[in-house]
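Below: final32.tsv (TSV, C-alpha atoms and all ligand atoms)
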```tsv
chain	number	residue	atom	x	y	z
M	21	MET	CA	46.93	-67.32	22.89
M	22	LYS	CA	44.03	-66.80	25.25
M	23	LEU	CA	42.36	-64.23	23.05
M	24	ILE	CA	42.46	-66.65	20.13
M	25	GLY	CA	40.74	-69.18	22.32
M	26	ARG	CA	37.93	-66.78	23.01
M	27	LEU	CA	37.68	-65.84	19.35
M	28	ALA	CA	36.77	-69.40	18.52
M	29	ASP	CA	33.90	-69.48	20.99
M	30	GLY	CA	30.90	-69.07	18.79
M	31	GLN	CA	31.87	-65.79	17.20
M	32	LEU	CA	34.20	-67.02	14.57
M	33	ALA	CA	34.53	-65.00	11.38
M	34	HIS	CA	34.96	-66.75	8.03
M	35	ALA	CA	38.27	-65.09	7.37
M	36	TYR	CA	41.03	-63.52	9.40
M	37	ILE	CA	44.06	-61.51	8.48
M	38	LEU	CA	46.80	-62.27	10.98
M	39	SER	CA	49.44	-59.60	10.68
M	40	GLY	CA	52.70	-59.12	12.52
M	41	SER	CA	56.42	-59.02	11.92
M	42	SER	CA	57.16	-62.63	12.86
M	43	MET	CA	55.83	-65.21	10.39
M	44	GLU	CA	56.68	-67.89	12.94
M	45	VAL	CA	54.34	-66.35	15.51
M	46	LEU	CA	51.61	-66.01	12.89
M	47	GLU	CA	52.02	-69.66	11.83
M	48	THR	CA	51.79	-70.78	15.45
M	49	ALA	CA	48.66	-68.71	15.96
M	50	ALA	CA	47.10	-70.09	12.77
M	51	LEU	CA	47.80	-73.69	13.79
M	52	HIS	CA	46.41	-72.99	17.24
M	53	LEU	CA	43.22	-71.62	15.72
M	54	ALA	CA	42.89	-74.59	13.33
M	55	GLN	CA	43.33	-77.01	16.24
M	56	ARG	CA	40.94	-75.04	18.36
M	57	VAL	CA	38.06	-75.39	15.90
M	58	ASN	CA	38.73	-79.08	15.18
M	59	CYS	CA	39.86	-80.45	18.55
M	60	LEU	CA	37.90	-83.47	19.77
M	61	GLU	CA	38.13	-82.58	23.48
M	62	THR	CA	34.58	-82.29	24.84
M	63	ASP	CA	35.33	-79.43	27.24
M	64	PRO	CA	35.56	-76.30	25.03
M	65	ASP	CA	37.78	-74.60	27.61
M	66	LYS	CA	40.44	-77.25	27.09
M	67	ARG	CA	40.62	-76.89	23.30
M	68	PRO	CA	43.03	-77.32	21.72
M	69	CYS	CA	44.18	-80.23	23.83
M	70	GLY	CA	47.18	-80.95	21.61
M	71	GLN	CA	46.69	-84.65	22.33
M	72	CYS	CA	43.68	-85.86	20.36
M	73	SER	CA	44.00	-87.27	16.86
M	74	ALA	CA	42.63	-84.07	15.27
M	75	CYS	CA	45.17	-81.88	17.07
M	76	ARG	CA	48.01	-84.23	16.28
M	77	ARG	CA	47.17	-84.65	12.61
M	78	LEU	CA	47.02	-80.87	12.22
M	79	GLN	CA	50.32	-80.49	14.03
M	80	GLN	CA	51.94	-83.04	11.70
M	81	GLY	CA	50.42	-81.45	8.61
M	82	LEU	CA	48.54	-84.67	7.82
M	83	CYS	CA	44.98	-83.43	8.25
M	84	GLY	CA	42.89	-83.56	5.07
M	85	ASP	CA	41.09	-80.37	6.05
M	86	TRP	CA	44.25	-78.30	6.30
M	87	PHE	CA	45.34	-76.39	3.21
M	88	ARG	CA	48.48	-74.37	3.18
M	89	LEU	CA	49.57	-72.05	0.37
M	90	GLU	CA	53.10	-70.76	0.13
M	91	PRO	CA	54.55	-68.23	-2.32
M	92	GLN	CA	56.28	-69.94	-5.25
M	93	GLY	CA	59.09	-69.37	-7.70
M	94	ALA	CA	61.89	-66.86	-7.78
M	95	SER	CA	59.42	-64.00	-7.58
M	96	ARG	CA	57.83	-65.56	-4.51
M	97	THR	CA	54.24	-65.05	-5.59
M	98	LEU	CA	51.00	-66.71	-4.63
M	99	ARG	CA	49.79	-67.59	-8.11
M	100	ILE	CA	46.23	-67.48	-9.32
M	101	GLU	CA	46.45	-71.23	-10.09
M	102	GLN	CA	47.11	-71.87	-6.41
M	103	ILE	CA	44.07	-69.82	-5.42
M	104	ARG	CA	41.90	-71.66	-7.96
M	105	GLN	CA	43.14	-75.02	-6.69
M	106	LEU	CA	42.34	-73.93	-3.15
M	107	GLN	CA	38.83	-72.95	-4.18
M	108	THR	CA	38.31	-76.46	-5.54
M	109	ASP	CA	39.83	-78.02	-2.43
M	110	ILE	CA	37.61	-76.20	0.05
M	111	ALA	CA	34.40	-76.55	-1.95
M	112	GLY	CA	33.17	-79.74	-0.29
M	113	ARG	CA	32.48	-80.83	3.25
M	114	PRO	CA	35.33	-81.25	5.73
M	115	ALA	CA	37.05	-84.60	5.19
M	116	GLU	CA	37.65	-85.46	8.84
M	117	GLY	CA	37.10	-82.56	11.23
M	118	ARG	CA	34.52	-79.87	11.86
M	119	MET	CA	36.15	-77.23	9.69
M	120	LYS	CA	38.41	-76.87	6.72
M	121	VAL	CA	41.19	-74.43	7.38
M	122	ALA	CA	43.11	-72.67	4.64
M	123	LEU	CA	46.30	-70.81	5.44
M	124	LEU	CA	47.83	-68.35	2.99
M	125	GLN	CA	51.39	-67.64	3.94
M	126	GLU	CA	52.60	-64.12	3.07
M	127	ALA	CA	49.19	-63.29	1.65
M	128	HIS	CA	50.43	-59.92	0.35
M	129	ARG	CA	52.37	-61.90	-2.27
M	130	MET	CA	49.16	-62.41	-4.23
M	131	ASN	CA	49.08	-60.08	-7.21
M	132	GLU	CA	45.90	-58.12	-7.95
M	133	GLN	CA	44.54	-60.87	-10.17
M	134	SER	CA	45.00	-63.50	-7.46
M	135	GLN	CA	43.49	-61.24	-4.83
M	136	ASN	CA	40.43	-60.63	-6.99
M	137	CYS	CA	40.12	-64.36	-7.48
M	138	LEU	CA	40.27	-64.95	-3.71
M	139	LEU	CA	37.75	-62.17	-3.22
M	140	LYS	CA	35.04	-64.39	-4.70
M	141	THR	CA	35.63	-66.88	-1.89
M	142	LEU	CA	35.53	-64.13	0.71
M	143	GLU	CA	32.26	-62.84	-0.70
M	144	GLU	CA	30.61	-66.24	-0.62
M	145	PRO	CA	32.60	-68.33	1.82
M	146	PRO	CA	31.94	-72.07	1.66
M	147	GLU	CA	30.39	-73.49	4.82
M	148	ASN	CA	32.62	-74.78	7.60
M	149	THR	CA	35.66	-73.06	6.21
M	150	LEU	CA	38.13	-70.82	7.93
M	151	LEU	CA	40.50	-68.69	5.86
M	152	LEU	CA	43.65	-67.37	7.47
M	153	LEU	CA	45.70	-64.78	5.63
M	154	LEU	CA	49.12	-64.33	7.18
M	155	THR	CA	51.10	-61.23	6.34
M	156	ASP	CA	53.69	-58.80	7.57
M	157	LYS	CA	52.50	-56.27	4.98
M	158	PRO	CA	48.72	-55.94	5.30
M	159	GLN	CA	48.97	-52.75	3.24
M	160	GLY	CA	49.79	-55.03	0.29
M	161	LEU	CA	46.25	-56.38	0.35
M	162	LEU	CA	43.38	-54.82	-1.58
M	163	PRO	CA	40.93	-52.75	0.50
M	164	THR	CA	38.17	-55.10	-0.69
M	165	ILE	CA	40.06	-58.01	0.89
M	166	LEU	CA	40.81	-56.08	4.08
M	167	SER	CA	37.18	-55.12	4.55
M	168	ARG	CA	35.97	-58.72	4.32
M	169	CYS	CA	38.32	-60.17	6.91
M	170	GLN	CA	38.57	-59.68	10.61
M	171	ARG	CA	42.00	-58.29	11.32
M	172	LEU	CA	44.21	-59.44	14.15
M	173	THR	CA	47.56	-57.82	14.79
M	174	PHE	CA	50.39	-59.48	16.63
M	175	GLN	CA	53.15	-57.57	18.32
M	176	GLY	CA	55.86	-60.11	19.02
M	177	ALA	CA	53.98	-63.06	20.46
M	178	GLN	CA	51.31	-60.79	21.91
M	179	ILE	CA	48.00	-60.59	20.14
M	180	LEU	CA	46.18	-57.28	19.93
M	181	PRO	CA	42.40	-56.83	19.93
M	182	PRO	CA	40.70	-56.80	16.50
M	183	THR	CA	41.32	-53.62	14.52
M	184	GLU	CA	37.61	-52.80	14.52
M	185	ASP	CA	37.73	-52.44	18.31
M	186	PHE	CA	40.51	-49.88	17.98
M	187	GLU	CA	38.35	-48.08	15.43
M	188	LEU	CA	35.39	-48.13	17.78
M	189	ALA	CA	37.49	-46.84	20.68
M	190	ALA	CA	38.75	-44.02	18.46
M	191	GLN	CA	35.22	-43.25	17.32
M	192	ALA	CA	34.00	-43.18	20.93
M	193	VAL	CA	36.64	-40.71	22.09
M	194	ASP	CA	36.12	-38.56	19.01
M	195	THR	CA	32.33	-38.47	19.37
M	196	ILE	CA	32.47	-37.69	23.09
M	197	ARG	CA	34.94	-34.90	22.43
M	198	ARG	CA	32.81	-33.33	19.72
M	199	THR	CA	29.30	-33.80	21.07
M	200	GLY	CA	29.95	-33.58	24.80
M	201	TYR	CA	27.40	-34.59	27.38
M	202	GLU	CA	24.80	-35.99	24.97
M	203	GLY	CA	27.40	-37.91	23.04
M	204	VAL	CA	28.45	-39.67	26.24
M	205	PHE	CA	25.07	-41.37	26.61
M	206	ASP	CA	24.59	-42.13	22.92
M	207	MET	CA	28.05	-43.61	22.61
M	208	ALA	CA	27.68	-45.67	25.79
M	209	ALA	CA	24.44	-47.16	24.48
M	210	PHE	CA	25.98	-47.81	21.07
M	211	VAL	CA	29.10	-49.54	22.40
M	212	ASP	CA	27.04	-51.54	24.88
M	213	GLN	CA	24.69	-52.77	22.14
M	214	SER	CA	27.26	-53.51	19.48
M	215	ARG	CA	29.82	-55.13	21.78
M	216	LYS	CA	27.58	-56.83	24.30
M	217	LYS	CA	29.35	-60.19	24.38
M	218	ARG	CA	32.87	-59.04	23.69
M	219	LEU	CA	33.30	-55.82	25.56
M	220	SER	CA	36.72	-56.97	26.76
M	221	TYR	CA	38.21	-56.37	23.30
M	222	PHE	CA	36.90	-52.82	23.31
M	223	PHE	CA	38.43	-52.25	26.73
M	224	SER	CA	41.76	-53.73	25.65
M	225	ALA	CA	41.84	-51.51	22.56
M	226	LEU	CA	41.04	-48.37	24.55
M	227	GLU	CA	43.61	-49.35	27.16
M	228	ILE	CA	46.33	-49.74	24.54
M	229	MET	CA	45.41	-46.40	22.96
M	230	LEU	CA	45.49	-44.56	26.29
M	231	ARG	CA	48.77	-46.21	27.20
M	232	ASP	CA	50.27	-45.26	23.83
M	233	GLY	CA	48.89	-41.73	24.23
M	234	MET	CA	50.72	-41.53	27.55
M	235	LEU	CA	53.98	-42.85	26.07
M	236	HIS	CA	53.67	-40.32	23.29
M	237	SER	CA	53.21	-37.41	25.67
M	238	LEU	CA	56.04	-38.62	27.84
M	239	SER	CA	58.38	-38.67	24.90
M	240	ARG	CA	57.26	-35.11	24.11
M	241	GLU	CA	57.24	-33.81	27.67
M	242	VAL	CA	60.31	-35.58	29.03
M	243	LEU	CA	62.43	-36.37	26.00
M	244	GLN	CA	61.50	-33.14	24.17
M	245	GLY	CA	60.09	-35.08	21.26
M	246	ALA	CA	63.20	-37.08	20.59
M	247	PRO	CA	61.87	-40.15	18.79
M	248	GLY	CA	63.27	-42.61	21.17
M	249	PRO	CA	62.90	-45.99	22.71
M	250	LEU	CA	59.33	-45.23	23.72
M	251	GLU	CA	58.20	-45.20	20.08
M	252	ASP	CA	59.13	-48.87	19.79
M	253	LEU	CA	56.66	-49.73	22.51
M	254	LEU	CA	53.61	-48.31	20.74
M	255	LEU	CA	50.96	-50.91	19.90
M	256	THR	CA	48.10	-48.85	18.46
M	257	PRO	CA	47.56	-49.65	14.75
M	258	ALA	CA	49.18	-47.14	12.43
M	259	GLY	CA	47.16	-44.06	11.60
M	260	MET	CA	45.28	-43.81	14.89
M	261	ARG	CA	46.35	-41.96	17.98
M	262	LEU	CA	44.94	-40.55	21.17
M	263	GLU	CA	46.47	-37.29	22.20
M	264	GLY	CA	46.44	-35.84	25.67
M	265	SER	CA	48.86	-34.94	28.43
M	266	SER	CA	50.52	-37.89	30.11
M	267	GLU	CA	48.54	-36.99	33.23
M	268	ALA	CA	45.21	-37.05	31.37
M	269	CYS	CA	46.03	-40.40	29.76
M	270	ARG	CA	47.14	-41.84	33.09
M	271	ARG	CA	43.88	-40.74	34.67
M	272	GLY	CA	41.99	-42.25	31.73
M	273	LEU	CA	43.74	-45.57	32.33
M	274	GLU	CA	42.82	-45.51	36.01
M	275	VAL	CA	39.16	-44.98	35.21
M	276	LEU	CA	39.31	-47.71	32.59
M	277	TRP	CA	40.85	-50.24	34.99
M	278	GLU	CA	38.29	-49.36	37.62
M	279	THR	CA	35.50	-49.87	35.06
M	280	ALA	CA	36.93	-53.24	34.02
M	281	TYR	CA	37.08	-54.24	37.69
M	282	TRP	CA	33.37	-53.58	38.18
M	283	LEU	CA	32.47	-55.15	34.87
M	284	GLU	CA	34.00	-58.41	36.10
M	285	ARG	CA	31.70	-58.15	39.09
M	286	ASN	CA	28.56	-58.01	36.99
M	287	VAL	CA	27.71	-54.35	37.37
M	288	SER	CA	25.57	-53.17	34.42
M	289	SER	CA	27.81	-52.61	31.40
M	290	ALA	CA	25.62	-49.75	30.14
M	291	LEU	CA	26.03	-47.85	33.40
M	292	LEU	CA	29.74	-48.52	33.55
M	293	LEU	CA	30.26	-47.29	30.00
M	294	GLU	CA	28.31	-44.11	30.73
M	295	ASN	CA	30.48	-43.49	33.74
M	296	LEU	CA	33.67	-44.26	31.84
M	297	PHE	CA	32.80	-41.99	28.93
M	298	MET	CA	31.74	-39.21	31.30
M	299	GLU	CA	35.18	-39.34	32.92
M	300	VAL	CA	36.91	-39.45	29.53
M	301	TRP	CA	34.88	-36.42	28.45
M	302	LYS	CA	36.21	-34.45	31.44
M	303	LEU	CA	39.77	-35.29	30.47
M	304	ASP	CA	41.36	-33.39	27.64
M	305	ILE	CA	42.00	-36.37	25.37
M	306	ASN	CA	41.51	-36.17	21.62
M	307	TYR	CA	41.54	-38.58	18.77
M	308	ARG	CA	43.91	-37.78	15.96
M	309	LYS	CA	43.81	-39.64	12.68
M	310	THR	CA	47.36	-39.53	11.40
M	401	ZN	ZN	42.60	-81.84	20.59
```

Structure rendered as structure tokens:
Amino acid sequence: MKLIGRLADGQLAHAYILSGSSMEVLETAALHLAQRVNCLETDPDKRPCGQCSACRRLQQGLCGDWFRLEPQGASRTLRIEQIRQLQTDIAGRPAEGRMKVALLQEAHRMNEQSQNCLLKTLEEPPENTLLLLLTDKPQGLLPTILSRCQRLTFQGAQILPPTEDFELAAQAVDTIRRTGYEGVFDMAAFVDQSRKKRLSYFFSALEIMLRDGMLHSLSREVLQGAPGPLEDLLLTPAGMRLEGSSEACRRGLEVLWETAYWLERNVSSALLLENLFMEVWKLDINYRKT
């Protein structure tokens, strides 16, 4: 849950979609995030402490700032009445902690009417409120909802970087491939500017994409394309893929790890990105939207 910890450090979005196949993992992550933003421990690095009254009341479901919506009835839907009630509940100031936290379990079980109702809250989120939409079917959410939330994907208990970092990594590779030498410098400057404080997510996303690209080539080169056990290991969000020989992807990973090493040692991120993208440009790796 380290990444979640970092998410809560001053760059919190108003709303997150937590998606993954295990609702239990998503619930744990949501509780962790709620505790993180409300924990009374003075050292931010130690939040959530799990011991203070705020952490404990959240854990026990007693906290007055914690709102949890579950699908109801035989049809298992999140009804519009529930959404309206939630909107009333989160309208005021937090009752006891720093932030109100609303959790929507199986958020895809809202029908279109409920989703449009929730959309109003996403468009004008009340202050000090964190909305967490948990789902194993993010495709069941309206695009207008998806675009207003930061998306976090969980694979098992592992949390992946935000989807937008995957998109940026894909965009970077694609731009470098198409525009060559000039694109390298433009893209390095762009990524450096837009991801200044959270470059590690971008690196994680690119790492996962290169790793998946390598697994993909290996299944093609070694297993003659037999969709096999390797497919189950892929972590890149659906619809995006880097394509290159396993050797090119492996080399890409090496350069990436080397770049991350120097980044930790305070070498200029702009320079490192230029160098990284220059190396990626030399490798025959392409982005394929699938
Ligand atoms: Zn605490």

Of the listed residues M:Ala111, M:Met43, M:Cys69, M:Met119, that which approaches ligand ZN 401 (chain M) most closely, counting all atoms listed in the file: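 Comparing M:Ala111, M:Met43, M:Cys69, M:Met119 against ligand ZN 401 (chain M), the winner is M:Cys69.
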
Using only C-alpha atoms and all ligand atoms: which of M:Glu278, M:Asp85, M:Glu61, M:Glu147 has the shortest distance to ligand ZN 401 (chain M):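 Going through M:Glu278, M:Asp85, M:Glu61, M:Glu147 one by one, the smallest distance to ligand ZN 401 (chain M) is for M:Glu61.
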
Range 257-268 of chain M surroundings by all atoms listed in the file, 8 Å radius, close-in-sequence under 6 positions cut, as a PyMOL selection string: chain M and resi 183+186+190+229-230+232-238+303-310

Please provide the set of residues having any atom within 6 Å of range 30-41 of chain M, restricted to all atoms listed in the file, with same-chain residues fewer than 4 positions apart removed, written as a ChimeraX atom specification. /M:150-156,169-174

Go through M:Val242, M:Leu60, M:Leu226, M:Ala54 one by one, measure the shortest atom-to-atom distance of each to Gln79 in chain M using all atoms listed in the file, and give the residue with the smallest value.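 Closest to Gln79 in chain M of all the choices is M:Ala54.
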
Give one line per residue of chain M that approaches ligand ZN 401 (chain M) to at most 8 Å, naming the two atoms of the closest pair and their distance in Å to one decimal, counting only C-alpha atoms and all ligand atoms; sort by chain then ascending residue number and deliver it as CSV.
```
residue,atom,partner,partner_atom,distance
M:Gln55,CA,M:ZN401,ZN,6.5
M:Arg56,CA,M:ZN401,ZN,7.3
M:Asn58,CA,M:ZN401,ZN,7.2
M:Cys59,CA,M:ZN401,ZN,3.7
M:Leu60,CA,M:ZN401,ZN,5.0
M:Glu61,CA,M:ZN401,ZN,5.4
M:Arg67,CA,M:ZN401,ZN,6.0
M:Pro68,CA,M:ZN401,ZN,4.7
M:Cys69,CA,M:ZN401,ZN,3.9
M:Gly70,CA,M:ZN401,ZN,4.8
M:Gln71,CA,M:ZN401,ZN,5.3
M:Cys72,CA,M:ZN401,ZN,4.2
M:Ser73,CA,M:ZN401,ZN,6.7
M:Ala74,CA,M:ZN401,ZN,5.8
M:Cys75,CA,M:ZN401,ZN,4.4
M:Arg76,CA,M:ZN401,ZN,7.3
```

By how many Å are CA of Leu219 in chain M and CA of Pro158 in chain M apart?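 Straight-line distance from CA of Leu219 in chain M to CA of Pro158 in chain M works out to 25.5 Å.
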
Please determine an axis-aligned box that encloses all atoms of range 84-91 of chain M listed in the file, with 6 Å added on each side, and express its centre and edge lengths in Å to one decimal as AutoDock Vina command-line options.
```
--center_x 47.8 --center_y -75.9 --center_z 2.0 --size_x 25.5 --size_y 27.3 --size_z 20.6
```

One decimal, in Å: what's the spacing between CA of Pro91 in chain M and CA of Gln135 in chain M?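 It comes out at 13.3 Å.
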
Counting all atoms listed in the file, note down every residue that has an atom within 12 Å of the point (36.1, -39.3, 27.7) (file coordinates), as number ranges by chain. M: 189-201, 203-205, 207-208, 226, 230, 262-264, 268-269, 271-273, 275-276, 293-307

Please provide as a ChimeraX atom specification all residues within 10 Å of Leu98 in chain M, with the sequence filter that same-chain residues fewer than 4 positions apart are discarded (counting all atoms listed in the file). /M:89-93,102-103,124-131,134-135

Shell around Lys216 in chain M at 10 Å using all atoms listed in the file, local window under 5 positions removed, as a PyMOL selection string: chain M and resi 210-211+289-290
